[in-house]
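A.B. asks: My structure file protein39.cif, mmCIF, C-alpha atoms and all ligand atoms; chains and numbers go by the auth columns, is below:
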data_query
loop_
_atom_site.group_PDB
_atom_site.id
_atom_site.type_symbol
_atom_site.label_atom_id
_atom_site.label_comp_id
_atom_site.label_asym_id
_atom_site.label_seq_id
_atom_site.Cartn_x
_atom_site.Cartn_y
_atom_site.Cartn_z
_atom_site.B_iso_or_equiv
_atom_site.auth_seq_id
_atom_site.auth_asym_id
ATOM 1 C CA MET A 1 -20.951 57.372 -2.527 0.00 202 Y
ATOM 2 C CA PHE A 2 -22.790 56.523 0.672 0.00 203 Y
ATOM 3 C CA ALA A 3 -21.441 56.516 4.233 0.00 204 Y
ATOM 4 C CA ILE A 4 -24.034 54.808 6.406 0.00 205 Y
ATOM 5 C CA ASP A 5 -23.936 54.495 10.187 0.00 206 Y
ATOM 6 C CA PHE A 6 -24.857 51.109 11.666 0.00 207 Y
ATOM 7 C CA ASP A 7 -26.373 51.330 15.172 0.00 208 Y
ATOM 8 C CA GLY A 8 -29.608 53.315 15.224 0.00 209 Y
ATOM 9 C CA THR A 9 -29.484 53.769 11.451 0.00 210 Y
ATOM 10 C CA VAL A 10 -29.489 50.214 10.061 0.00 211 Y
ATOM 11 C CA ALA A 11 -29.749 48.045 13.195 0.00 212 Y
ATOM 12 C CA ASP A 12 -32.110 49.014 15.988 0.00 213 Y
ATOM 13 C CA MET A 13 -29.677 49.410 18.884 0.00 214 Y
ATOM 14 C CA GLY A 14 -32.000 52.113 20.265 0.00 215 Y
ATOM 15 C CA SER A 15 -34.625 49.562 21.258 0.00 216 Y
ATOM 16 C CA ALA A 16 -32.027 47.418 23.042 0.00 217 Y
ATOM 17 C CA LYS A 17 -30.833 50.476 24.979 0.00 218 Y
ATOM 18 C CA ALA A 18 -34.400 51.612 25.728 0.00 219 Y
ATOM 19 C CA ALA A 19 -35.214 48.145 27.127 0.00 220 Y
ATOM 20 C CA TRP A 20 -32.179 48.301 29.459 0.00 221 Y
ATOM 21 C CA ILE A 21 -33.082 51.817 30.598 0.00 222 Y
ATOM 22 C CA GLU A 22 -36.663 50.847 31.352 0.00 223 Y
ATOM 23 C CA GLY A 23 -35.591 47.683 33.193 0.00 224 Y
ATOM 24 C CA GLU A 24 -32.798 49.282 35.234 0.00 225 Y
ATOM 25 C CA MET A 25 -34.064 52.829 35.694 0.00 226 Y
ATOM 26 C CA GLY A 26 -37.830 52.617 35.178 0.00 227 Y
ATOM 27 C CA LEU A 27 -37.559 55.335 32.560 0.00 228 Y
ATOM 28 C CA ARG A 28 -39.213 54.970 29.171 0.00 229 Y
ATOM 29 C CA LEU A 29 -37.293 56.441 26.256 0.00 230 Y
ATOM 30 C CA ASN A 30 -38.073 56.088 22.568 0.00 231 Y
ATOM 31 C CA PRO A 31 -35.484 54.186 20.528 0.00 232 Y
ATOM 32 C CA TRP A 32 -34.731 57.338 18.501 0.00 233 Y
ATOM 33 C CA GLU A 33 -33.753 59.105 21.737 0.00 234 Y
ATOM 34 C CA CYS A 34 -31.112 56.492 22.499 0.00 235 Y
ATOM 35 C CA ASP A 35 -28.248 57.623 20.292 0.00 236 Y
ATOM 36 C CA ARG A 36 -25.323 58.485 22.567 0.00 237 Y
ATOM 37 C CA THR A 37 -25.770 62.257 22.458 0.00 238 Y
ATOM 38 C CA SER A 38 -29.525 62.269 23.160 0.00 239 Y
ATOM 39 C CA CYS A 39 -29.305 59.446 25.669 0.00 240 Y
ATOM 40 C CA ILE A 40 -26.544 60.969 27.822 0.00 241 Y
ATOM 41 C CA ALA A 41 -28.627 64.157 27.964 0.00 242 Y
ATOM 42 C CA ARG A 42 -31.468 62.092 29.446 0.00 243 Y
ATOM 43 C CA ILE A 43 -29.779 59.578 31.772 0.00 244 Y
ATOM 44 C CA GLY A 44 -26.297 61.003 32.366 0.00 245 Y
ATOM 45 C CA GLU A 45 -22.860 59.642 31.480 0.00 246 Y
ATOM 46 C CA ASP A 46 -22.505 57.182 34.362 0.00 247 Y
ATOM 47 C CA ALA A 47 -25.736 55.340 33.592 0.00 248 Y
ATOM 48 C CA TYR A 48 -25.040 55.529 29.863 0.00 249 Y
ATOM 49 C CA PHE A 49 -21.652 53.839 30.088 0.00 250 Y
ATOM 50 C CA ARG A 50 -22.964 51.269 32.601 0.00 251 Y
ATOM 51 C CA MET A 51 -25.635 50.428 30.052 0.00 252 Y
ATOM 52 C CA ILE A 52 -23.163 50.240 27.157 0.00 253 Y
ATOM 53 C CA ALA A 53 -20.998 47.801 29.136 0.00 254 Y
ATOM 54 C CA GLU A 54 -24.003 45.492 29.505 0.00 255 Y
ATOM 55 C CA VAL A 55 -25.642 45.978 26.108 0.00 256 Y
ATOM 56 C CA ASN A 56 -22.528 45.744 23.891 0.00 257 Y
ATOM 57 C CA THR A 57 -22.389 41.974 23.653 0.00 258 Y
ATOM 58 C CA VAL A 58 -22.357 39.617 20.704 0.00 259 Y
ATOM 59 C CA GLU A 59 -25.728 38.192 21.807 0.00 260 Y
ATOM 60 C CA THR A 60 -27.413 41.595 21.869 0.00 261 Y
ATOM 61 C CA SER A 61 -25.786 42.563 18.577 0.00 262 Y
ATOM 62 C CA ARG A 62 -27.015 39.385 16.911 0.00 263 Y
ATOM 63 C CA ARG A 63 -30.568 39.949 18.129 0.00 264 Y
ATOM 64 C CA LEU A 64 -30.901 43.570 16.980 0.00 265 Y
ATOM 65 C CA ARG A 65 -33.920 44.123 14.765 0.00 266 Y
ATOM 66 C CA PRO A 66 -33.491 46.034 11.524 0.00 267 Y
ATOM 67 C CA ILE A 67 -34.489 49.695 11.486 0.00 268 Y
ATOM 68 C CA GLU A 68 -37.685 49.972 9.462 0.00 269 Y
ATOM 69 C CA GLY A 69 -36.911 50.427 5.773 0.00 270 Y
ATOM 70 C CA ALA A 70 -33.142 49.976 6.127 0.00 271 Y
ATOM 71 C CA LEU A 71 -32.873 46.514 4.591 0.00 272 Y
ATOM 72 C CA ALA A 72 -34.827 47.630 1.511 0.00 273 Y
ATOM 73 C CA ALA A 73 -32.868 50.884 1.239 0.00 274 Y
ATOM 74 C CA LEU A 74 -29.341 49.412 1.258 0.00 275 Y
ATOM 75 C CA PRO A 75 -29.686 47.505 -2.057 0.00 276 Y
ATOM 76 C CA LYS A 76 -31.262 50.615 -3.618 0.00 277 Y
ATOM 77 C CA LEU A 77 -28.259 52.664 -2.568 0.00 278 Y
ATOM 78 C CA ALA A 78 -25.885 49.932 -3.735 0.00 279 Y
ATOM 79 C CA ALA A 79 -27.479 50.066 -7.196 0.00 280 Y
ATOM 80 C CA ARG A 80 -26.383 53.729 -7.369 0.00 281 Y
ATOM 81 C CA GLY A 81 -22.896 53.511 -5.930 0.00 282 Y
ATOM 82 C CA ARG A 82 -20.620 52.288 -3.174 0.00 283 Y
ATOM 83 C CA VAL A 83 -22.203 51.801 0.245 0.00 284 Y
ATOM 84 C CA GLU A 84 -19.720 51.891 3.117 0.00 285 Y
ATOM 85 C CA ILE A 85 -20.724 51.343 6.716 0.00 286 Y
ATOM 86 C CA VAL A 86 -19.062 53.893 8.976 0.00 287 Y
ATOM 87 C CA THR A 87 -19.562 52.907 12.591 0.00 288 Y
ATOM 88 C CA ALA A 88 -18.299 54.123 15.951 0.00 289 Y
ATOM 89 C CA ARG A 89 -18.029 50.451 16.919 0.00 290 Y
ATOM 90 C CA LYS A 90 -14.525 49.200 17.580 0.00 291 Y
ATOM 91 C CA GLY A 91 -12.692 45.877 17.828 0.00 292 Y
ATOM 92 C CA ASP A 92 -14.849 42.742 17.756 0.00 293 Y
ATOM 93 C CA GLU A 93 -18.050 44.815 17.610 0.00 294 Y
ATOM 94 C CA VAL A 94 -17.257 45.729 14.003 0.00 295 Y
ATOM 95 C CA GLY A 95 -17.192 42.052 13.014 0.00 296 Y
ATOM 96 C CA TRP A 96 -20.496 41.512 14.815 0.00 297 Y
ATOM 97 C CA ALA A 97 -22.011 44.262 12.658 0.00 298 Y
ATOM 98 C CA GLU A 98 -20.606 42.591 9.548 0.00 299 Y
ATOM 99 C CA ASP A 99 -22.152 39.265 10.621 0.00 300 Y
ATOM 100 C CA TRP A 100 -25.480 41.004 11.246 0.00 301 Y
ATOM 101 C CA LEU A 101 -25.511 42.534 7.750 0.00 302 Y
ATOM 102 C CA ARG A 102 -24.693 39.194 6.147 0.00 303 Y
ATOM 103 C CA HIS A 103 -27.297 37.399 8.277 0.00 304 Y
ATOM 104 C CA HIS A 104 -29.928 39.910 7.148 0.00 305 Y
ATOM 105 C CA GLY A 105 -29.107 39.391 3.488 0.00 306 Y
ATOM 106 C CA VAL A 106 -27.556 42.774 2.770 0.00 307 Y
ATOM 107 C CA GLY A 107 -23.877 41.807 3.013 0.00 308 Y
ATOM 108 C CA ASP A 108 -23.540 42.052 -0.770 0.00 309 Y
ATOM 109 C CA SER A 109 -24.815 45.647 -0.733 0.00 310 Y
ATOM 110 C CA ILE A 110 -21.924 46.774 1.456 0.00 311 Y
ATOM 111 C CA SER A 111 -18.602 47.585 -0.221 0.00 312 Y
ATOM 112 C CA ALA A 112 -16.686 48.228 2.987 0.00 313 Y
ATOM 113 C CA LEU A 113 -17.127 48.549 6.722 0.00 314 Y
ATOM 114 C CA HIS A 114 -15.023 51.010 8.722 0.00 315 Y
ATOM 115 C CA SER A 115 -14.583 51.770 12.376 0.00 316 Y
ATOM 116 C CA ALA A 116 -14.587 55.517 12.898 0.00 317 Y
ATOM 117 C CA HIS A 117 -13.706 55.045 16.552 0.00 318 Y
ATOM 118 C CA GLY A 118 -11.331 57.798 17.604 0.00 319 Y
ATOM 119 C CA THR A 119 -11.743 59.683 14.345 0.00 320 Y
ATOM 120 C CA SER A 120 -14.360 61.851 12.663 0.00 321 Y
ATOM 121 C CA LYS A 121 -16.960 60.172 10.470 0.00 322 Y
ATOM 122 C CA ILE A 122 -17.073 63.294 8.308 0.00 323 Y
ATOM 123 C CA GLU A 123 -13.331 63.206 7.700 0.00 324 Y
ATOM 124 C CA LEU A 124 -13.423 59.486 7.058 0.00 325 Y
ATOM 125 C CA ALA A 125 -16.286 59.880 4.564 0.00 326 Y
ATOM 126 C CA LEU A 126 -14.506 62.747 2.787 0.00 327 Y
ATOM 127 C CA ARG A 127 -11.281 60.753 2.640 0.00 328 Y
ATOM 128 C CA ARG A 128 -13.162 57.833 1.087 0.00 329 Y
ATOM 129 C CA GLY A 129 -14.787 60.098 -1.518 0.00 330 Y
ATOM 130 C CA LEU A 130 -18.271 59.382 -0.197 0.00 331 Y
ATOM 131 C CA THR A 131 -20.925 61.976 -0.974 0.00 332 Y
ATOM 132 C CA TRP A 132 -23.650 61.265 1.592 0.00 333 Y
ATOM 133 C CA LEU A 133 -23.450 60.585 5.326 0.00 334 Y
ATOM 134 C CA VAL A 134 -26.477 59.188 7.163 0.00 335 Y
ATOM 135 C CA ASP A 135 -26.305 58.965 10.972 0.00 336 Y
ATOM 136 C CA ASP A 136 -28.702 58.988 13.927 0.00 337 Y
ATOM 137 C CA ASP A 137 -26.319 60.795 16.298 0.00 338 Y
ATOM 138 C CA ALA A 138 -25.795 64.552 15.971 0.00 339 Y
ATOM 139 C CA ARG A 139 -22.242 64.278 17.320 0.00 340 Y
ATOM 140 C CA HIS A 140 -21.103 62.687 14.034 0.00 341 Y
ATOM 141 C CA LEU A 141 -22.631 65.463 11.922 0.00 342 Y
ATOM 142 C CA ASP A 142 -22.113 69.188 11.579 0.00 343 Y
ATOM 143 C CA ASP A 143 -23.908 72.099 9.933 0.00 344 Y
ATOM 144 C CA VAL A 144 -21.221 73.011 7.445 0.00 345 Y
ATOM 145 C CA GLU A 145 -22.424 73.189 3.864 0.00 346 Y
ATOM 146 C CA ARG A 146 -20.321 70.958 1.687 0.00 347 Y
ATOM 147 C CA ASN A 147 -21.305 70.012 -1.815 0.00 348 Y
ATOM 148 C CA GLU A 148 -19.010 67.023 -1.620 0.00 349 Y
ATOM 149 C CA LEU A 149 -20.636 65.524 1.489 0.00 350 Y
ATOM 150 C CA ARG A 150 -24.298 65.989 2.270 0.00 351 Y
ATOM 151 C CA GLN A 151 -25.485 64.878 5.666 0.00 352 Y
ATOM 152 C CA ILE A 152 -28.740 63.377 6.865 0.00 353 Y
ATOM 153 C CA HIS A 153 -29.698 63.114 10.532 0.00 354 Y
ATOM 154 C CA LEU A 154 -32.007 60.096 10.609 0.00 355 Y
ATOM 155 C CA ARG A 155 -34.136 59.475 13.665 0.00 356 Y
ATOM 156 C CA VAL A 156 -36.680 56.857 12.713 0.00 357 Y
ATOM 157 C CA GLY A 157 -40.088 57.349 14.270 0.00 358 Y
ATOM 158 C CA ARG A 158 -39.415 60.785 15.711 0.00 359 Y
ATOM 159 C CA PRO A 159 -42.884 62.356 15.667 0.00 360 Y
ATOM 160 C CA ASP A 160 -41.705 65.872 15.143 0.00 361 Y
ATOM 161 C CA ALA A 161 -43.435 67.888 12.444 0.00 362 Y
ATOM 162 C CA GLN A 162 -40.479 70.263 12.348 0.00 363 Y
ATOM 163 C CA ALA A 163 -38.150 67.407 11.627 0.00 364 Y
ATOM 164 C CA ARG A 164 -40.122 66.534 8.504 0.00 365 Y
ATOM 165 C CA GLY A 165 -39.997 69.871 6.749 0.00 366 Y
ATOM 166 C CA GLY A 166 -36.292 69.981 6.264 0.00 367 Y
ATOM 167 C CA GLY A 167 -36.050 72.954 3.994 0.00 368 Y
ATOM 168 C CA ALA A 168 -32.617 74.467 4.297 0.00 369 Y
ATOM 169 C CA ALA A 169 -31.886 72.755 7.608 0.00 370 Y
ATOM 170 C CA ARG A 170 -28.458 71.157 7.849 0.00 371 Y
ATOM 171 C CA PRO A 171 -27.938 68.371 8.458 0.00 372 Y
ATOM 172 C CA PHE A 172 -31.194 67.394 6.793 0.00 373 Y
ATOM 173 C CA PRO A 173 -33.552 65.902 9.388 0.00 374 Y
ATOM 174 C CA ALA A 174 -35.229 62.636 8.365 0.00 375 Y
ATOM 175 C CA THR A 175 -37.649 60.505 10.344 0.00 376 Y
ATOM 176 C CA SER A 176 -37.722 57.479 8.029 0.00 377 Y
ATOM 177 C CA TRP A 177 -35.631 55.728 5.399 0.00 378 Y
ATOM 178 C CA SER A 178 -38.246 56.925 2.859 0.00 379 Y
ATOM 179 C CA ASP A 179 -37.280 60.499 3.794 0.00 380 Y
ATOM 180 C CA VAL A 180 -33.623 59.616 3.266 0.00 381 Y
ATOM 181 C CA LEU A 181 -34.190 58.104 -0.175 0.00 382 Y
ATOM 182 C CA ARG A 182 -36.398 61.047 -1.192 0.00 383 Y
ATOM 183 C CA ARG A 183 -33.728 63.477 -0.069 0.00 384 Y
ATOM 184 C CA MET A 184 -31.199 61.613 -2.210 0.00 385 Y
ATOM 185 C CA GLY A 185 -33.562 61.744 -5.164 0.00 386 Y
ATOM 186 C CA LEU A 186 -33.978 57.946 -5.239 0.00 387 Y
HETATM 187 MG MG MG B . -25.684 55.420 15.351 0.00 401 E
#
Now, as a test, write the supplied structure out as structure tokens.

C.D. replies:
Amino acid sequence: MFAIDFDGTVADMGSAKAAWIEGEMGLRLNPWECDRTSCIARIGEDAYFRMIAEVNTVETSRRLRPIEGALAALPKLAARGRVEIVTARKGDEVGWAEDWLRHHGVGDSISALHSAHGTSKIELALRRGLTWLVDDDARHLDDVERNELRQIHLRVGRPDAQARGGGAARPFPATSWSDVLRRMGL
């Protein structure tokens, strides 16, 4: 039923990236601007990948705070259907995400955890028969209308009035997990 991204959607990787960017570059970005697509637009590819090399460690992963509302939302989703984490993480990083979910008491809400590295999250979700995809990075989403897979672009804390309206916008823009659950009719 539900394909849920991990970094920036469930675990607050954005704050870890923003802290590195402020420390190394003296630039203050909001956590919701630190998904790969938005962040590269702000700091460039070289700085982005230098940051990723330093931030993608087991210690940082373990210390990530939950995204507001995510830990309460996952069991609610799990009560309605399968929840599968679909992450761009690869190799050991996927296991670190699994440890994080278990440590935060939501391991039982997750039916499966997939690495979408090198493949499309949309295709993976469709292949798995999942009907919703929630992600903080626009590169994993598209604006194609599909009844079988509805997409939500979640950027928690983004103070953008336009992002709240939604309407017919695709993917549906959400600024909180409450928005996501409302959109799903939960
Ligand atoms: Mg993400």

A.B. asks: Per residue of chain Y within 7 Å of ligand MG 401 (chain E), which atom pair is closest and at what distance in Å (one decimal), using all atoms listed in the file, listed by chain and increasing number, as CSV?

C.D. replies:
residue,atom,partner,partner_atom,distance
Y:Asp206,CA,E:MG401,MG,5.5
Y:Phe207,CA,E:MG401,MG,5.7
Y:Asp208,CA,E:MG401,MG,4.2
Y:Gly209,CA,E:MG401,MG,4.5
Y:Thr210,CA,E:MG401,MG,5.7
Y:Asp236,CA,E:MG401,MG,6.0
Y:Asp336,CA,E:MG401,MG,5.7
Y:Asp337,CA,E:MG401,MG,4.9
Y:Asp338,CA,E:MG401,MG,5.5

A.B. asks: Which residues come within 10 Å of range 306-315 of chain Y, counting all atoms listed in the file, excluding same-chain residues fewer than 3 positions away, as a PyMOL selection string?

C.D. replies: chain Y and resi 203-207+271-280+282-291+295-296+298-303+318+322+325-326

A.B. asks: Using all atoms listed in the file, which residue out of Y:Arg347, Y:Arg340, Y:Arg371, Y:His304 lies closest to Arg266 in chain Y?

C.D. replies: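 Nearest to Arg266 in chain Y: Y:His304.
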
A.B. asks: Name the closest residue to Arg328 in chain Y among the candidates Y:Met202, Y:Trp233, Y:Leu342, Y:Trp378; distances are taken between atoms, counting all atoms listed in the file.

C.D. replies: Y:Met202

A.B. asks: Which protein, DNA or RNA residues have an atom at most 7 Å from (-27.4, 49.1, 25.6), counting all atoms listed in the file? List them as number ranges by chain.

C.D. replies: Y: 217-218, 221, 252-253, 255-257

A.B. asks: Find the residue from Y:Ala317, Y:Leu355, Y:Leu265, Y:Ala220 that sits nearest to Leu382 in chain Y; use only C-alpha atoms when measuring.

C.D. replies: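 Answer, going by the shortest atom-to-atom distance: Y:Leu355.
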
A.B. asks: Give me the residues within 12 Å of Ile241 in chain Y as a PDB file with C-alpha atoms, in the frame of the given file, counting all atoms listed in the file and dropping any in the same chain fewer than 3 places off.

C.D. replies:
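File produced: out.pdb:
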ATOM      1  CA  LYS Y 218     -30.833  50.476  24.979  1.00  0.00           C
ATOM      2  CA  ILE Y 222     -33.082  51.817  30.598  1.00  0.00           C
ATOM      3  CA  LEU Y 230     -37.293  56.441  26.256  1.00  0.00           C
ATOM      4  CA  GLU Y 234     -33.753  59.105  21.737  1.00  0.00           C
ATOM      5  CA  CYS Y 235     -31.112  56.492  22.499  1.00  0.00           C
ATOM      6  CA  ASP Y 236     -28.248  57.623  20.292  1.00  0.00           C
ATOM      7  CA  ARG Y 237     -25.323  58.485  22.567  1.00  0.00           C
ATOM      8  CA  THR Y 238     -25.770  62.257  22.458  1.00  0.00           C
ATOM      9  CA  ILE Y 244     -29.779  59.578  31.772  1.00  0.00           C
ATOM     10  CA  GLY Y 245     -26.297  61.003  32.366  1.00  0.00           C
ATOM     11  CA  GLU Y 246     -22.860  59.642  31.480  1.00  0.00           C
ATOM     12  CA  ASP Y 247     -22.505  57.182  34.362  1.00  0.00           C
ATOM     13  CA  ALA Y 248     -25.736  55.340  33.592  1.00  0.00           C
ATOM     14  CA  TYR Y 249     -25.040  55.529  29.863  1.00  0.00           C
ATOM     15  CA  PHE Y 250     -21.652  53.839  30.088  1.00  0.00           C
ATOM     16  CA  ARG Y 251     -22.964  51.269  32.601  1.00  0.00           C
ATOM     17  CA  MET Y 252     -25.635  50.428  30.052  1.00  0.00           C
ATOM     18  CA  ILE Y 253     -23.163  50.240  27.157  1.00  0.00           C
ATOM     19  CA  ASP Y 338     -26.319  60.795  16.298  1.00  0.00           C
ATOM     20  CA  ARG Y 340     -22.242  64.278  17.320  1.00  0.00           C
TER      21      ARG Y 340
END

A.B. asks: So which residues fall inside 10 Å of (-30.2, 65.0, 8.3) if we count all atoms listed in the file? Mind giving them as a ChimeraX atom specification?

C.D. replies: /Y:334-339,342-344,351-356,364,367,370-376,380-381,384

A.B. asks: Quick one, how far is CA of Glu349 in chain Y from CA of Ala212 in chain Y?

C.D. replies: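 Computed distance, CA of Glu349 in chain Y to CA of Ala212 in chain Y, equals 26.4 Å.
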
A.B. asks: Please write range 226-319 of chain Y of the preceding block to a file containing C-alpha atoms, as a PDB file, in the first residue's frame?

C.D. replies:
ATOM      1  CA  MET Y 226      30.282  26.810   4.198  1.00  0.00           C
ATOM      2  CA  GLY Y 227      28.728  29.334   6.587  1.00  0.00           C
ATOM      3  CA  LEU Y 228      25.457  28.995   4.716  1.00  0.00           C
ATOM      4  CA  ARG Y 229      22.192  28.437   6.551  1.00  0.00           C
ATOM      5  CA  LEU Y 230      19.710  26.168   4.807  1.00  0.00           C
ATOM      6  CA  ASN Y 231      16.463  24.803   6.194  1.00  0.00           C
ATOM      7  CA  PRO Y 232      16.337  21.025   6.630  1.00  0.00           C
ATOM      8  CA  TRP Y 233      13.545  20.793   4.030  1.00  0.00           C
ATOM      9  CA  GLU Y 234      15.885  22.387   1.473  1.00  0.00           C
ATOM     10  CA  CYS Y 235      18.458  19.641   1.950  1.00  0.00           C
ATOM     11  CA  ASP Y 236      17.023  16.858  -0.182  1.00  0.00           C
ATOM     12  CA  ARG Y 237      19.539  16.114  -2.936  1.00  0.00           C
ATOM     13  CA  THR Y 238      17.742  18.001  -5.702  1.00  0.00           C
ATOM     14  CA  SER Y 239      17.137  21.208  -3.718  1.00  0.00           C
ATOM     15  CA  CYS Y 240      20.515  21.075  -2.019  1.00  0.00           C
ATOM     16  CA  ILE Y 241      22.602  20.675  -5.192  1.00  0.00           C
ATOM     17  CA  ALA Y 242      20.739  23.683  -6.609  1.00  0.00           C
ATOM     18  CA  ARG Y 243      21.950  25.697  -3.608  1.00  0.00           C
ATOM     19  CA  ILE Y 244      25.513  24.486  -2.955  1.00  0.00           C
ATOM     20  CA  GLY Y 245      26.541  22.732  -6.175  1.00  0.00           C
ATOM     21  CA  GLU Y 246      27.446  19.104  -6.860  1.00  0.00           C
ATOM     22  CA  ASP Y 247      31.034  19.205  -5.597  1.00  0.00           C
ATOM     23  CA  ALA Y 248      30.109  20.505  -2.150  1.00  0.00           C
ATOM     24  CA  TYR Y 249      27.074  18.225  -2.025  1.00  0.00           C
ATOM     25  CA  PHE Y 250      29.046  15.040  -2.617  1.00  0.00           C
ATOM     26  CA  ARG Y 251      31.833  16.183  -0.258  1.00  0.00           C
ATOM     27  CA  MET Y 252      29.155  16.608   2.386  1.00  0.00           C
ATOM     28  CA  ILE Y 253      27.554  13.226   1.661  1.00  0.00           C
ATOM     29  CA  ALA Y 254      30.941  11.516   2.048  1.00  0.00           C
ATOM     30  CA  GLU Y 255      31.252  13.004   5.538  1.00  0.00           C
ATOM     31  CA  VAL Y 256      27.632  12.791   6.683  1.00  0.00           C
ATOM     32  CA  ASN Y 257      26.832   9.234   5.511  1.00  0.00           C
ATOM     33  CA  THR Y 258      28.234   7.412   8.512  1.00  0.00           C
ATOM     34  CA  VAL Y 259      26.706   4.941  10.923  1.00  0.00           C
ATOM     35  CA  GLU Y 260      27.160   7.444  13.776  1.00  0.00           C
ATOM     36  CA  THR Y 261      25.267  10.200  11.975  1.00  0.00           C
ATOM     37  CA  SER Y 262      22.579   7.756  10.868  1.00  0.00           C
ATOM     38  CA  ARG Y 263      22.081   6.526  14.421  1.00  0.00           C
ATOM     39  CA  ARG Y 264      21.752  10.068  15.754  1.00  0.00           C
ATOM     40  CA  LEU Y 265      19.168  11.293  13.231  1.00  0.00           C
ATOM     41  CA  ARG Y 266      16.087  12.739  14.889  1.00  0.00           C
ATOM     42  CA  PRO Y 267      12.670  11.632  13.690  1.00  0.00           C
ATOM     43  CA  ILE Y 268      10.804  13.926  11.311  1.00  0.00           C
ATOM     44  CA  GLU Y 269       7.944  15.482  13.256  1.00  0.00           C
ATOM     45  CA  GLY Y 270       4.858  13.276  13.115  1.00  0.00           C
ATOM     46  CA  ALA Y 271       6.548  10.390  11.286  1.00  0.00           C
ATOM     47  CA  LEU Y 272       6.758   7.963  14.200  1.00  0.00           C
ATOM     48  CA  ALA Y 273       3.046   8.412  14.957  1.00  0.00           C
ATOM     49  CA  ALA Y 274       2.093   8.166  11.279  1.00  0.00           C
ATOM     50  CA  LEU Y 275       3.844   4.867  10.470  1.00  0.00           C
ATOM     51  CA  PRO Y 276       1.696   2.694  12.796  1.00  0.00           C
ATOM     52  CA  LYS Y 277      -1.424   4.447  11.461  1.00  0.00           C
ATOM     53  CA  LEU Y 278      -0.419   3.545   7.926  1.00  0.00           C
ATOM     54  CA  ALA Y 279       0.474   0.007   8.997  1.00  0.00           C
ATOM     55  CA  ALA Y 280      -3.041  -0.421  10.410  1.00  0.00           C
ATOM     56  CA  ARG Y 281      -4.354   0.213   6.871  1.00  0.00           C
ATOM     57  CA  GLY Y 282      -1.924  -1.827   4.820  1.00  0.00           C
ATOM     58  CA  ARG Y 283       1.658  -2.726   4.025  1.00  0.00           C
ATOM     59  CA  VAL Y 284       4.270  -0.050   4.696  1.00  0.00           C
ATOM     60  CA  GLU Y 285       7.473  -0.492   2.706  1.00  0.00           C
ATOM     61  CA  ILE Y 286      10.447   1.807   3.068  1.00  0.00           C
ATOM     62  CA  VAL Y 287      11.850   2.732  -0.331  1.00  0.00           C
ATOM     63  CA  THR Y 288      15.180   4.468   0.096  1.00  0.00           C
ATOM     64  CA  ALA Y 289      17.945   5.671  -2.199  1.00  0.00           C
ATOM     65  CA  ARG Y 290      20.376   4.383   0.432  1.00  0.00           C
ATOM     66  CA  LYS Y 291      22.575   1.510  -0.657  1.00  0.00           C
ATOM     67  CA  GLY Y 292      24.747  -1.172   0.940  1.00  0.00           C
ATOM     68  CA  ASP Y 293      25.295  -0.895   4.696  1.00  0.00           C
ATOM     69  CA  GLU Y 294      23.290   2.349   4.859  1.00  0.00           C
ATOM     70  CA  VAL Y 295      20.090   0.362   4.323  1.00  0.00           C
ATOM     71  CA  GLY Y 296      20.790  -1.731   7.426  1.00  0.00           C
ATOM     72  CA  TRP Y 297      21.495   1.438   9.403  1.00  0.00           C
ATOM     73  CA  ALA Y 298      18.034   2.699   8.431  1.00  0.00           C
ATOM     74  CA  GLU Y 299      16.522  -0.605   9.543  1.00  0.00           C
ATOM     75  CA  ASP Y 300      18.320  -0.313  12.902  1.00  0.00           C
ATOM     76  CA  TRP Y 301      17.071   3.265  13.268  1.00  0.00           C
ATOM     77  CA  LEU Y 302      13.447   2.221  12.681  1.00  0.00           C
ATOM     78  CA  ARG Y 303      13.724  -0.604  15.198  1.00  0.00           C
ATOM     79  CA  HIS Y 304      15.452   1.662  17.732  1.00  0.00           C
ATOM     80  CA  HIS Y 305      12.610   4.176  17.397  1.00  0.00           C
ATOM     81  CA  GLY Y 306       9.967   1.534  18.010  1.00  0.00           C
ATOM     82  CA  VAL Y 307       8.450   1.436  14.537  1.00  0.00           C
ATOM     83  CA  GLY Y 308      10.231  -1.655  13.195  1.00  0.00           C
ATOM     84  CA  ASP Y 309       7.011  -3.665  13.487  1.00  0.00           C
ATOM     85  CA  SER Y 310       5.149  -1.151  11.305  1.00  0.00           C
ATOM     86  CA  ILE Y 311       7.472  -1.800   8.371  1.00  0.00           C
ATOM     87  CA  SER Y 312       6.766  -4.807   6.144  1.00  0.00           C
ATOM     88  CA  ALA Y 313       9.847  -4.418   3.967  1.00  0.00           C
ATOM     89  CA  LEU Y 314      12.757  -2.113   3.287  1.00  0.00           C
ATOM     90  CA  HIS Y 315      14.115  -1.690  -0.243  1.00  0.00           C
ATOM     91  CA  SER Y 316      17.057   0.091  -1.760  1.00  0.00           C
ATOM     92  CA  ALA Y 317      15.949   1.939  -4.870  1.00  0.00           C
ATOM     93  CA  HIS Y 318      19.542   2.861  -5.644  1.00  0.00           C
ATOM     94  CA  GLY Y 319      20.057   2.737  -9.392  1.00  0.00           C
TER      95      GLY Y 319
END
